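Structure, as structure tokens:
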Amino acid sequence: MESLHEYIKTQISDCYKIVSIKNIDSINYRVEYIDIGRYRYQPPQFTVRSQNLNLRVQIRDSKIEELLNSIGEENSDFDVEDIIYSEEEREKLHQLRNNAAKTSDAWTILRKVRKEYSESFQLGDNIHYNGGVGFITFKHADKDENDITRWSVKIGDTEFRYVNGTQLLKRKVKDLSHIEIDPELNKLSTEKLLKIYKRRRDKNQGVGNVKIKRILQEREHIQKGPNKIVIKNS
């Protein structure tokens, strides 16, 4: 049997985590949830949203399943009267669910989700940050266990320190090791290859020459100036 939460997520495509389900009338329920907005090359945006859904059948089935699962348990809170379909009993079931939901505060859960995302990175991860691409160089100690985890990231010649993890997005680096290195292209300097690669990528709407990219993956970063350090959120 499909669970209540699974059903809701099929109805709300951007639902990441359900916060509460509150009864409006005998049919409709207000679902409060965490939405993760995803954008290309940008970190996700976490938002608290709500939507009204007709969940009468799903709530009933969920309660039946809870009742069946509770049979034989010494301290079960359910008995057979809980699934009688009178208005009074339905209200009782709604109250049971709402009482559990009231213990969860949407903004507390939102902060927890943001915290979990912020600490999901590792040293050396390739990332997108502030419109640039780079990698993580250091993890800073949290001042408090509930604080958003902060990282140092290097983009080009600049290292940004104390960057909130919610401002980062993991960058997928395609494994090109199966592609044979072109000996003629490999004779060119890294700077020359970068110029050619960028020119072809701009011409082909973001798709660069894969043979050049294969070589660049093994080349050292070109230092264009002195290393700079930018302190963020210190």
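Within each chain, counting starts at residue 1; across the structure tokens, chains are named A, B, ... in the order shown, with ligands numbered 1 upward in that order.
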
For range 140-173 of chain A versus range 122-126 of chain A, which residues have an atom no more than 8 Å away, and what is each residue's nearest atom pair and distance in Å rounded to one decimal, using only C-alpha atoms, chain-then-number order, as JSON lines?
```
{"residue": "A:Lys170", "atom": "CA", "partner": "A:Asn126", "partner_atom": "CA", "distance": 6.0}
{"residue": "A:Arg171", "atom": "CA", "partner": "A:Asn126", "partner_atom": "CA", "distance": 5.2}
{"residue": "A:Lys172", "atom": "CA", "partner": "A:Asn126", "partner_atom": "CA", "distance": 7.2}
{"residue": "A:Val173", "atom": "CA", "partner": "A:Asn126", "partner_atom": "CA", "distance": 7.5}
```

Practice problem: Extract, using only C-alpha atoms, all DNA, RNA and protein residues at most 12 Å from range 142-145 of chain A, discarding same-chain residues fewer than 3 positions from it, and format them as a ChimeraX atom specification. | Solution: /A:111-112,115-116,118-119,139,148-151,162,164-165,234

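Among the candidates A:Asn233, A:Thr10, A:Ile181, A:His5, the residue lying nearest to Ser152 in chain A is A:Asn233 (atoms considered: only C-alpha atoms).
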
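With distances restricted to only C-alpha atoms, A:Trp107 is the closest residue to Ile34 in chain A from A:Asp157, A:Trp107, A:Gln58, A:Lys63.
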